[in-house]
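S.K.: Got start_12.cif for you, mmCIF, N, CA and C atoms and all ligand atoms:
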data_start
loop_
_atom_site.label_atom_id
_atom_site.label_comp_id
_atom_site.auth_asym_id
_atom_site.auth_seq_id
_atom_site.Cartn_x
_atom_site.Cartn_y
_atom_site.Cartn_z
N MET L 756 -1.23 26.61 -26.57
CA MET L 756 -0.31 26.16 -25.50
C MET L 756 -1.07 25.35 -24.46
N THR L 757 -0.45 24.27 -24.00
CA THR L 757 -1.11 23.43 -23.01
C THR L 757 -1.06 24.09 -21.63
N LYS L 758 -2.20 24.10 -21.00
CA LYS L 758 -2.23 24.69 -19.65
C LYS L 758 -1.78 23.63 -18.64
N VAL L 759 -0.87 24.04 -17.76
CA VAL L 759 -0.41 23.13 -16.72
C VAL L 759 -1.07 23.54 -15.40
N HIS L 760 -1.82 22.60 -14.84
CA HIS L 760 -2.57 22.89 -13.61
C HIS L 760 -1.85 22.34 -12.38
N ALA L 761 -1.95 23.07 -11.31
CA ALA L 761 -1.42 22.57 -10.04
C ALA L 761 -2.50 21.67 -9.42
N PHE L 762 -2.06 20.66 -8.69
CA PHE L 762 -3.02 19.71 -8.12
C PHE L 762 -4.02 20.41 -7.20
N SER L 763 -3.53 21.36 -6.42
CA SER L 763 -4.41 22.06 -5.47
C SER L 763 -5.53 22.80 -6.21
N GLU L 764 -5.23 23.22 -7.42
CA GLU L 764 -6.20 23.95 -8.22
C GLU L 764 -7.24 22.97 -8.80
N VAL L 765 -6.76 21.79 -9.18
CA VAL L 765 -7.64 20.78 -9.80
C VAL L 765 -8.56 20.13 -8.77
N SER L 766 -8.00 19.87 -7.58
CA SER L 766 -8.74 19.07 -6.59
C SER L 766 -9.99 19.78 -6.04
N VAL L 767 -10.07 21.11 -6.22
CA VAL L 767 -11.27 21.81 -5.73
C VAL L 767 -12.48 21.59 -6.64
N HIS L 768 -12.23 21.10 -7.84
CA HIS L 768 -13.33 20.83 -8.77
C HIS L 768 -13.83 19.41 -8.52
N ASN L 769 -14.58 19.26 -7.45
CA ASN L 769 -14.96 17.91 -7.02
C ASN L 769 -16.46 17.78 -6.79
N LYS L 770 -17.22 18.60 -7.52
CA LYS L 770 -18.67 18.59 -7.32
C LYS L 770 -19.40 18.19 -8.60
N LYS L 771 -20.67 17.89 -8.42
CA LYS L 771 -21.47 17.44 -9.55
C LYS L 771 -21.56 18.50 -10.66
N ASP L 772 -21.52 19.77 -10.26
CA ASP L 772 -21.61 20.83 -11.27
C ASP L 772 -20.24 21.41 -11.63
N ASP L 773 -19.20 20.69 -11.17
CA ASP L 773 -17.84 21.17 -11.43
C ASP L 773 -16.87 20.03 -11.09
N CYS L 774 -16.59 19.21 -12.10
CA CYS L 774 -15.87 17.96 -11.81
C CYS L 774 -14.67 17.77 -12.75
N TRP L 775 -13.47 17.80 -12.16
CA TRP L 775 -12.25 17.61 -12.93
C TRP L 775 -11.56 16.31 -12.50
N LEU L 776 -10.94 15.66 -13.46
CA LEU L 776 -10.23 14.41 -13.16
C LEU L 776 -8.78 14.50 -13.61
N VAL L 777 -7.92 13.79 -12.89
CA VAL L 777 -6.51 13.68 -13.29
C VAL L 777 -6.27 12.23 -13.70
N ILE L 778 -5.99 12.03 -14.99
CA ILE L 778 -5.74 10.68 -15.48
C ILE L 778 -4.49 10.71 -16.37
N SER L 779 -3.52 9.89 -16.01
CA SER L 779 -2.26 9.78 -16.77
C SER L 779 -1.63 11.13 -17.07
N GLY L 780 -1.54 11.95 -16.04
CA GLY L 780 -0.86 13.24 -16.17
C GLY L 780 -1.67 14.31 -16.88
N LYS L 781 -2.91 13.97 -17.25
CA LYS L 781 -3.74 14.94 -17.95
C LYS L 781 -4.96 15.32 -17.10
N VAL L 782 -5.45 16.51 -17.34
CA VAL L 782 -6.61 16.99 -16.58
C VAL L 782 -7.84 17.03 -17.49
N TYR L 783 -8.94 16.47 -16.98
CA TYR L 783 -10.18 16.43 -17.77
C TYR L 783 -11.31 17.11 -17.00
N ASP L 784 -12.05 17.97 -17.68
CA ASP L 784 -13.23 18.56 -17.09
C ASP L 784 -14.43 17.74 -17.59
N VAL L 785 -14.89 16.84 -16.72
CA VAL L 785 -15.94 15.90 -17.13
C VAL L 785 -17.33 16.34 -16.63
N THR L 786 -17.45 17.60 -16.23
CA THR L 786 -18.73 18.09 -15.69
C THR L 786 -19.90 17.76 -16.62
N SER L 787 -19.73 18.04 -17.88
CA SER L 787 -20.85 17.83 -18.82
C SER L 787 -21.03 16.36 -19.18
N PHE L 788 -20.06 15.52 -18.75
CA PHE L 788 -20.10 14.09 -19.09
C PHE L 788 -20.68 13.25 -17.95
N LEU L 789 -20.78 13.85 -16.77
CA LEU L 789 -21.21 13.09 -15.58
C LEU L 789 -22.48 12.28 -15.84
N ASP L 790 -23.50 12.94 -16.39
CA ASP L 790 -24.79 12.26 -16.59
C ASP L 790 -24.73 11.20 -17.69
N ASP L 791 -23.75 11.32 -18.57
CA ASP L 791 -23.66 10.39 -19.69
C ASP L 791 -22.68 9.25 -19.46
N HIS L 792 -21.89 9.35 -18.38
CA HIS L 792 -20.87 8.32 -18.13
C HIS L 792 -21.54 6.97 -17.88
N PRO L 793 -21.22 5.94 -18.69
CA PRO L 793 -21.86 4.63 -18.52
C PRO L 793 -21.59 4.02 -17.14
N GLY L 794 -20.49 4.43 -16.51
CA GLY L 794 -20.17 3.91 -15.17
C GLY L 794 -20.83 4.70 -14.05
N GLY L 795 -21.59 5.72 -14.42
CA GLY L 795 -22.29 6.54 -13.42
C GLY L 795 -21.48 7.74 -12.98
N ASP L 796 -22.17 8.72 -12.40
CA ASP L 796 -21.48 9.95 -11.98
C ASP L 796 -20.76 9.77 -10.65
N ASP L 797 -21.26 8.85 -9.81
CA ASP L 797 -20.65 8.66 -8.48
C ASP L 797 -19.17 8.30 -8.58
N VAL L 798 -18.86 7.34 -9.47
CA VAL L 798 -17.47 6.90 -9.58
C VAL L 798 -16.56 8.03 -10.04
N LEU L 799 -17.10 8.89 -10.89
CA LEU L 799 -16.28 10.02 -11.36
C LEU L 799 -16.06 11.01 -10.23
N LEU L 800 -17.11 11.23 -9.44
CA LEU L 800 -16.97 12.18 -8.32
C LEU L 800 -15.99 11.65 -7.27
N THR L 801 -16.02 10.35 -7.04
CA THR L 801 -15.09 9.81 -6.03
C THR L 801 -13.66 9.75 -6.58
N ALA L 802 -13.52 9.90 -7.89
CA ALA L 802 -12.17 9.88 -8.49
C ALA L 802 -11.56 11.28 -8.53
N THR L 803 -12.27 12.28 -8.00
CA THR L 803 -11.73 13.65 -7.98
C THR L 803 -10.78 13.81 -6.78
N GLY L 804 -9.98 14.85 -6.84
CA GLY L 804 -9.09 15.15 -5.71
C GLY L 804 -7.95 14.18 -5.54
N LYS L 805 -7.68 13.40 -6.58
CA LYS L 805 -6.55 12.46 -6.52
C LYS L 805 -6.12 12.11 -7.94
N ASP L 806 -5.05 11.36 -8.05
CA ASP L 806 -4.64 10.85 -9.35
C ASP L 806 -5.54 9.65 -9.65
N ALA L 807 -6.45 9.81 -10.61
CA ALA L 807 -7.46 8.78 -10.88
C ALA L 807 -7.00 7.77 -11.94
N THR L 808 -5.70 7.79 -12.25
CA THR L 808 -5.19 6.90 -13.31
C THR L 808 -5.50 5.43 -13.00
N ASP L 809 -5.18 5.01 -11.79
CA ASP L 809 -5.41 3.60 -11.43
C ASP L 809 -6.90 3.25 -11.49
N ASP L 810 -7.74 4.14 -10.97
CA ASP L 810 -9.20 3.91 -10.99
C ASP L 810 -9.66 3.73 -12.44
N PHE L 811 -9.17 4.61 -13.31
CA PHE L 811 -9.57 4.59 -14.71
C PHE L 811 -9.07 3.31 -15.38
N GLU L 812 -7.82 2.95 -15.14
CA GLU L 812 -7.23 1.78 -15.79
C GLU L 812 -7.82 0.48 -15.25
N ASP L 813 -8.12 0.46 -13.95
CA ASP L 813 -8.66 -0.77 -13.33
C ASP L 813 -9.96 -1.22 -13.99
N VAL L 814 -10.73 -0.27 -14.51
CA VAL L 814 -12.01 -0.58 -15.15
C VAL L 814 -11.78 -1.24 -16.52
N GLY L 815 -10.64 -0.95 -17.10
CA GLY L 815 -10.35 -1.49 -18.43
C GLY L 815 -11.18 -0.81 -19.50
N HIS L 816 -11.13 0.52 -19.49
CA HIS L 816 -11.92 1.30 -20.45
C HIS L 816 -11.56 0.96 -21.90
N SER L 817 -12.54 1.02 -22.75
CA SER L 817 -12.36 0.68 -24.17
C SER L 817 -11.61 1.79 -24.91
N ASP L 818 -11.22 1.50 -26.12
CA ASP L 818 -10.57 2.52 -26.96
C ASP L 818 -11.53 3.66 -27.23
N ASP L 819 -12.81 3.32 -27.34
CA ASP L 819 -13.83 4.36 -27.56
C ASP L 819 -13.83 5.35 -26.40
N ALA L 820 -13.73 4.79 -25.19
CA ALA L 820 -13.73 5.64 -24.00
C ALA L 820 -12.52 6.56 -24.01
N ARG L 821 -11.37 5.98 -24.41
CA ARG L 821 -10.14 6.78 -24.46
C ARG L 821 -10.23 7.87 -25.52
N GLU L 822 -10.92 7.55 -26.60
CA GLU L 822 -11.13 8.53 -27.67
C GLU L 822 -12.02 9.67 -27.17
N LEU L 823 -13.06 9.27 -26.41
CA LEU L 823 -14.03 10.21 -25.87
C LEU L 823 -13.39 11.20 -24.88
N MET L 824 -12.39 10.69 -24.16
CA MET L 824 -11.71 11.52 -23.15
C MET L 824 -11.18 12.83 -23.73
N LYS L 825 -10.68 12.71 -24.96
CA LYS L 825 -10.03 13.87 -25.59
C LYS L 825 -10.94 15.10 -25.61
N LYS L 826 -12.23 14.81 -25.66
CA LYS L 826 -13.23 15.88 -25.70
C LYS L 826 -13.20 16.73 -24.43
N TYR L 827 -12.78 16.08 -23.33
CA TYR L 827 -12.86 16.75 -22.02
C TYR L 827 -11.49 17.22 -21.52
N TYR L 828 -10.47 16.99 -22.32
CA TYR L 828 -9.09 17.36 -21.95
C TYR L 828 -8.94 18.87 -21.83
N ILE L 829 -8.44 19.33 -20.69
CA ILE L 829 -8.28 20.79 -20.53
C ILE L 829 -6.84 21.20 -20.19
N GLY L 830 -5.93 20.22 -20.09
CA GLY L 830 -4.54 20.57 -19.80
C GLY L 830 -3.81 19.46 -19.08
N ASP L 831 -2.61 19.75 -18.68
CA ASP L 831 -1.79 18.75 -17.98
C ASP L 831 -1.69 19.10 -16.50
N ILE L 832 -1.30 18.07 -15.73
CA ILE L 832 -1.10 18.31 -14.30
C ILE L 832 0.38 18.55 -14.04
N ASP L 833 0.67 19.47 -13.17
CA ASP L 833 2.06 19.67 -12.75
C ASP L 833 2.36 18.52 -11.79
N SER L 834 3.09 17.52 -12.29
CA SER L 834 3.27 16.29 -11.51
C SER L 834 3.97 16.52 -10.17
N SER L 835 4.73 17.61 -10.08
CA SER L 835 5.42 17.87 -8.80
C SER L 835 4.44 18.28 -7.71
N THR L 836 3.20 18.63 -8.11
CA THR L 836 2.22 19.07 -7.12
C THR L 836 1.30 17.93 -6.68
N LEU L 837 1.47 16.78 -7.34
CA LEU L 837 0.63 15.61 -6.98
C LEU L 837 1.02 15.10 -5.60
N PRO L 838 0.03 14.77 -4.77
CA PRO L 838 0.38 14.23 -3.45
C PRO L 838 1.08 12.88 -3.63
N ALA L 839 2.02 12.61 -2.76
CA ALA L 839 2.76 11.35 -2.85
C ALA L 839 1.82 10.19 -2.60
N GLU L 840 2.04 9.11 -3.34
CA GLU L 840 1.26 7.89 -3.14
C GLU L 840 1.47 7.39 -1.73
N PRO L 841 0.38 7.09 -1.02
CA PRO L 841 0.62 6.51 0.29
C PRO L 841 1.21 5.12 0.13
N LYS L 842 2.43 4.99 0.54
CA LYS L 842 3.11 3.70 0.37
C LYS L 842 3.03 2.89 1.65
N TYR L 843 2.94 1.59 1.49
CA TYR L 843 2.91 0.72 2.67
C TYR L 843 4.32 0.49 3.17
N THR L 844 4.55 0.93 4.36
CA THR L 844 5.87 0.66 4.94
C THR L 844 5.69 -0.34 6.07
N PRO L 845 6.23 -1.53 5.90
CA PRO L 845 6.07 -2.53 6.95
C PRO L 845 6.69 -2.06 8.25
N PRO L 846 6.05 -2.37 9.35
CA PRO L 846 6.61 -1.93 10.63
C PRO L 846 8.00 -2.51 10.82
N THR L 847 8.93 -1.64 11.18
CA THR L 847 10.30 -2.12 11.37
C THR L 847 10.38 -2.87 12.70
N PRO L 848 10.77 -4.12 12.64
CA PRO L 848 10.86 -4.88 13.88
C PRO L 848 11.92 -4.28 14.78
N THR L 849 11.56 -4.06 16.02
CA THR L 849 12.52 -3.48 16.95
C THR L 849 13.58 -4.55 17.24
N THR L 850 14.79 -4.17 16.95
CA THR L 850 15.87 -5.14 17.18
C THR L 850 16.42 -4.94 18.58
N PRO L 851 15.99 -5.78 19.48
CA PRO L 851 16.49 -5.62 20.85
C PRO L 851 17.97 -5.94 20.92
N THR L 852 18.65 -5.31 21.84
CA THR L 852 20.08 -5.54 21.96
C THR L 852 20.31 -6.99 22.36
N ALA L 853 21.42 -7.52 21.90
CA ALA L 853 21.70 -8.94 22.12
C ALA L 853 21.60 -9.30 23.60
N GLY L 854 22.10 -8.40 24.43
CA GLY L 854 22.11 -8.66 25.86
C GLY L 854 20.72 -8.82 26.43
N SER L 855 19.84 -7.84 26.14
CA SER L 855 18.51 -7.87 26.74
C SER L 855 17.71 -9.07 26.23
N GLN L 856 17.83 -9.34 24.91
CA GLN L 856 17.08 -10.46 24.38
C GLN L 856 17.64 -11.77 24.95
N GLY L 857 18.97 -11.83 25.00
CA GLY L 857 19.62 -13.05 25.48
C GLY L 857 19.13 -13.39 26.88
N SER L 858 19.21 -12.41 27.77
CA SER L 858 18.85 -12.73 29.15
C SER L 858 17.34 -12.98 29.25
N GLY L 859 16.57 -12.27 28.44
CA GLY L 859 15.11 -12.48 28.44
C GLY L 859 14.78 -13.91 28.06
N ASN L 860 15.44 -14.38 27.02
CA ASN L 860 15.21 -15.74 26.55
C ASN L 860 15.65 -16.76 27.58
N LEU L 861 16.75 -16.47 28.21
CA LEU L 861 17.29 -17.40 29.19
C LEU L 861 16.30 -17.60 30.34
N TRP L 862 15.72 -16.49 30.80
CA TRP L 862 14.73 -16.58 31.88
C TRP L 862 13.51 -17.38 31.45
N LYS L 863 13.13 -17.16 30.21
CA LYS L 863 11.97 -17.88 29.68
C LYS L 863 12.22 -19.38 29.73
N ILE L 864 13.43 -19.77 29.27
CA ILE L 864 13.78 -21.19 29.23
C ILE L 864 13.83 -21.77 30.65
N ILE L 865 14.46 -21.02 31.52
CA ILE L 865 14.59 -21.50 32.91
C ILE L 865 13.21 -21.72 33.51
N LEU L 866 12.33 -20.71 33.32
CA LEU L 866 10.98 -20.80 33.89
C LEU L 866 10.19 -21.95 33.27
N GLN L 867 10.41 -22.15 31.96
CA GLN L 867 9.71 -23.20 31.25
C GLN L 867 10.02 -24.57 31.86
N PHE L 868 11.29 -24.78 32.16
CA PHE L 868 11.69 -26.08 32.70
C PHE L 868 11.49 -26.15 34.20
N LEU L 869 11.65 -25.02 34.83
CA LEU L 869 11.62 -25.00 36.29
C LEU L 869 10.21 -25.11 36.85
N SER L 870 9.25 -24.45 36.19
CA SER L 870 7.90 -24.44 36.77
C SER L 870 7.29 -25.84 36.90
N PRO L 871 7.38 -26.73 35.90
CA PRO L 871 6.83 -28.08 36.13
C PRO L 871 7.55 -28.81 37.25
N LEU L 872 8.88 -28.58 37.32
CA LEU L 872 9.66 -29.23 38.39
C LEU L 872 9.22 -28.72 39.76
N LEU L 873 8.94 -27.42 39.83
CA LEU L 873 8.50 -26.83 41.09
C LEU L 873 7.15 -27.40 41.50
N ILE L 874 6.25 -27.53 40.52
CA ILE L 874 4.91 -28.07 40.80
C ILE L 874 5.04 -29.52 41.27
N LEU L 875 5.89 -30.28 40.57
CA LEU L 875 6.12 -31.68 40.93
C LEU L 875 6.70 -31.79 42.34
N GLY L 876 7.68 -30.92 42.58
CA GLY L 876 8.32 -30.90 43.89
C GLY L 876 7.30 -30.62 44.98
N ALA L 877 6.45 -29.64 44.74
CA ALA L 877 5.43 -29.27 45.73
C ALA L 877 4.48 -30.43 45.96
N ALA L 878 4.10 -31.10 44.88
CA ALA L 878 3.17 -32.23 44.99
C ALA L 878 3.80 -33.35 45.82
N LEU L 879 5.07 -33.65 45.52
CA LEU L 879 5.77 -34.71 46.25
C LEU L 879 5.91 -34.35 47.72
N ALA L 880 6.21 -33.09 47.97
CA ALA L 880 6.37 -32.63 49.35
C ALA L 880 5.06 -32.79 50.11
N LEU L 881 3.96 -32.41 49.47
CA LEU L 881 2.64 -32.51 50.11
C LEU L 881 2.30 -33.97 50.39
N ARG L 882 2.62 -34.82 49.38
CA ARG L 882 2.29 -36.25 49.53
C ARG L 882 3.06 -36.84 50.72
N SER L 883 4.35 -36.57 50.76
CA SER L 883 5.14 -37.14 51.86
C SER L 883 4.67 -36.60 53.21
N LEU L 884 4.19 -35.36 53.20
CA LEU L 884 3.67 -34.75 54.42
C LEU L 884 2.44 -35.50 54.90
N TYR L 885 1.51 -35.78 53.95
CA TYR L 885 0.27 -36.47 54.30
C TYR L 885 0.50 -37.94 54.64
N GLN L 886 1.51 -38.53 53.96
CA GLN L 886 1.79 -39.95 54.21
C GLN L 886 2.31 -40.17 55.63
N LYS L 887 3.03 -39.19 56.13
CA LYS L 887 3.60 -39.27 57.47
C LYS L 887 2.51 -39.30 58.52
N GLU L 888 1.41 -38.52 58.24
CA GLU L 888 0.36 -38.39 59.26
C GLU L 888 -0.42 -39.70 59.44
C1 LIG S 1 -12.64 11.25 -18.93
C2 LIG S 1 -12.76 10.17 -18.20
C3 LIG S 1 -13.66 9.00 -18.52
C4 LIG S 1 -14.32 8.68 -19.67
C5 LIG S 1 -14.35 9.44 -21.00
C6 LIG S 1 -15.03 7.44 -19.42
C7 LIG S 1 -15.80 6.79 -20.34
C8 LIG S 1 -16.42 5.57 -20.14
C9 LIG S 1 -17.10 4.80 -21.14
C10 LIG S 1 -17.27 5.22 -22.61
C11 LIG S 1 -17.55 3.68 -20.56
C12 LIG S 1 -18.32 2.52 -21.24
C13 LIG S 1 -17.42 1.29 -21.33
C14 LIG S 1 -16.21 1.53 -22.21
O1 LIG S 1 -16.36 1.97 -23.34
O2 LIG S 1 -15.11 1.26 -21.72
C15 LIG S 1 -17.19 3.75 -19.18
C16 LIG S 1 -17.50 2.80 -18.24
C17 LIG S 1 -17.12 2.85 -16.92
N1 LIG S 1 -16.28 3.77 -16.35
FE1 LIG S 1 -15.55 5.41 -17.24
N2 LIG S 1 -14.79 7.03 -18.14
C18 LIG S 1 -13.96 7.96 -17.57
C19 LIG S 1 -13.44 7.93 -16.30
C20 LIG S 1 -13.72 6.98 -15.36
C21 LIG S 1 -13.17 6.95 -14.02
C22 LIG S 1 -12.18 7.93 -13.43
C23 LIG S 1 -13.71 5.90 -13.41
C24 LIG S 1 -13.41 5.54 -11.99
C25 LIG S 1 -13.51 4.38 -11.44
C26 LIG S 1 -14.60 5.22 -14.35
C27 LIG S 1 -15.35 4.10 -14.10
C28 LIG S 1 -16.14 3.46 -15.02
C29 LIG S 1 -16.94 2.29 -14.71
C30 LIG S 1 -17.08 1.62 -13.33
C31 LIG S 1 -17.56 1.92 -15.90
C32 LIG S 1 -18.54 0.80 -16.09
C33 LIG S 1 -17.89 -0.44 -16.58
C34 LIG S 1 -18.94 -1.50 -16.83
O3 LIG S 1 -19.91 -1.55 -16.08
O4 LIG S 1 -18.75 -2.21 -17.81
N3 LIG S 1 -14.59 5.92 -15.53
N4 LIG S 1 -16.48 4.89 -18.94
#
So, in terms of structure tokens, how does the structure I just supplied come out?

M.R.:
Amino acid sequence: MTKVHAFSEVSVHNKKDDCWLVISGKVYDVTSFLDDHPGGDDVLLTATGKDATDDFEDVGHSDDARELMKKYYIGDIDSSTLPAEPKYTPPTPTTPTAGSQGSGNLWKIILQFLSPLLILGAALALRSLYQKE
């Protein structure tokens, strides 16, 4: 009978002398393979405590590697115990109420046009003041 492991039980095996991996819903005890892994033991250790399927597939392992895996297979993972994939959720843009945005924009426009006119007005006023003297 296939043993079904809970993720919490698998993730504690994350050391050099006790290393389990979760790949494609299956659990592998690769402790004895660490020193022989052509990709090194570090990558295997960093692939513990999570679903390592993507890590494993990203490397593009050969059929030989997939055949070799069977040697280390110790059971299946209870998929309901796997932590949820951290998904990227784009920040929801705050939709300001029409009123507040409307008046905000209106002020911006007024200031945009008004400030150069004010500066011009001030300059003209100063000039006429000095011209009088
Ligand atoms: C039971 C699990 C695993 C087995 C049996 C295994 C086996 C192998 C084998 C036989 C190779 C030599 C190349 C090939 O035949 O594809 C290899 C290379 C490699 N593996 Fe794994 N592997 C396992 C898991 C992983 C995991 C989880 C990672 C995580 C990233 C990984 C990363 C690598 C890397 C980086 C290489 C080197 C690729 C290269 O330099 O060409 N392996 N593995």

S.K.: Identify, on the basis of only C-alpha atoms, every residue whose closest approach to stretch 824-839 of chain L does not exceed 8 Å; exclude the query and any residue fewer than 6 positions from it along the same chain; express the result as a PyMOL selection string.

M.R.: chain L and resi 757-763+777+780-785+805-806

S.K.: Which residue out of L:Ile778, L:Ala880, L:Leu789, L:Leu823 has the minimum interatomic distance to L:Asp809 when all atoms listed in the file are used?

M.R.: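 The closest residue to L:Asp809 is L:Ile778.
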
S.K.: Could you check which of L:Ser779, L:Asn860, L:Asn769, L:Ser883 is closest to L:Leu800, using only C-alpha atoms?

M.R.: L:Asn769

S.K.: Produce as an mmCIF file with N, CA and C atoms, in the frame of the given file the set of residues near ligand LIG 1 (chain S), where near means within 5 Å with all atoms listed in the file considered.

M.R.:
data_model
loop_
_atom_site.group_PDB
_atom_site.id
_atom_site.type_symbol
_atom_site.label_atom_id
_atom_site.label_comp_id
_atom_site.auth_asym_id
_atom_site.auth_seq_id
_atom_site.Cartn_x
_atom_site.Cartn_y
_atom_site.Cartn_z
ATOM 1 N N PRO L 793 -21.220 5.940 -18.690
ATOM 2 C CA PRO L 793 -21.860 4.630 -18.520
ATOM 3 C C PRO L 793 -21.590 4.020 -17.140
ATOM 4 N N GLY L 794 -20.490 4.430 -16.510
ATOM 5 C CA GLY L 794 -20.170 3.910 -15.170
ATOM 6 C C GLY L 794 -20.830 4.700 -14.050
ATOM 7 N N VAL L 798 -18.860 7.340 -9.470
ATOM 8 C CA VAL L 798 -17.470 6.900 -9.580
ATOM 9 C C VAL L 798 -16.560 8.030 -10.040
ATOM 10 N N ASP L 810 -7.740 4.140 -10.970
ATOM 11 C CA ASP L 810 -9.200 3.910 -10.990
ATOM 12 C C ASP L 810 -9.660 3.730 -12.440
ATOM 13 N N PHE L 811 -9.170 4.610 -13.310
ATOM 14 C CA PHE L 811 -9.570 4.590 -14.710
ATOM 15 C C PHE L 811 -9.070 3.310 -15.380
ATOM 16 N N GLY L 815 -10.640 -0.950 -17.100
ATOM 17 C CA GLY L 815 -10.350 -1.490 -18.430
ATOM 18 C C GLY L 815 -11.180 -0.810 -19.500
ATOM 19 N N HIS L 816 -11.130 0.520 -19.490
ATOM 20 C CA HIS L 816 -11.920 1.300 -20.450
ATOM 21 C C HIS L 816 -11.560 0.960 -21.900
ATOM 22 N N SER L 817 -12.540 1.020 -22.750
ATOM 23 C CA SER L 817 -12.360 0.680 -24.170
ATOM 24 C C SER L 817 -11.610 1.790 -24.910
ATOM 25 N N ALA L 820 -13.730 4.790 -25.190
ATOM 26 C CA ALA L 820 -13.730 5.640 -24.000
ATOM 27 C C ALA L 820 -12.520 6.560 -24.010
ATOM 28 N N LEU L 823 -13.060 9.270 -26.410
ATOM 29 C CA LEU L 823 -14.030 10.210 -25.870
ATOM 30 C C LEU L 823 -13.390 11.200 -24.880
ATOM 31 N N MET L 824 -12.390 10.690 -24.160
ATOM 32 C CA MET L 824 -11.710 11.520 -23.150
ATOM 33 C C MET L 824 -11.180 12.830 -23.730
#

S.K.: Could you tell me, as an MDAnalysis selection string, which residues of stretch 774-886 of chain L DSSP assigns to strand (DSSP E or B) when given the backbone?

M.R.: chainID L and resid 774:778 781:784 806 828:832

S.K.: Pick out each residue of chain L that DSSP on the backbone tags as alpha helix (DSSP H); I need them as a VMD selection string.

M.R.: chain L and resid 762 to 765 796 to 801 808 to 814 818 to 824 853 to 887

S.K.: Here is a test: counting only N, CA and C atoms, which residue of L:Ser870, L:Asp818, L:Ala877, L:Leu799 is nearest to L:Cys774?

M.R.: L:Leu799
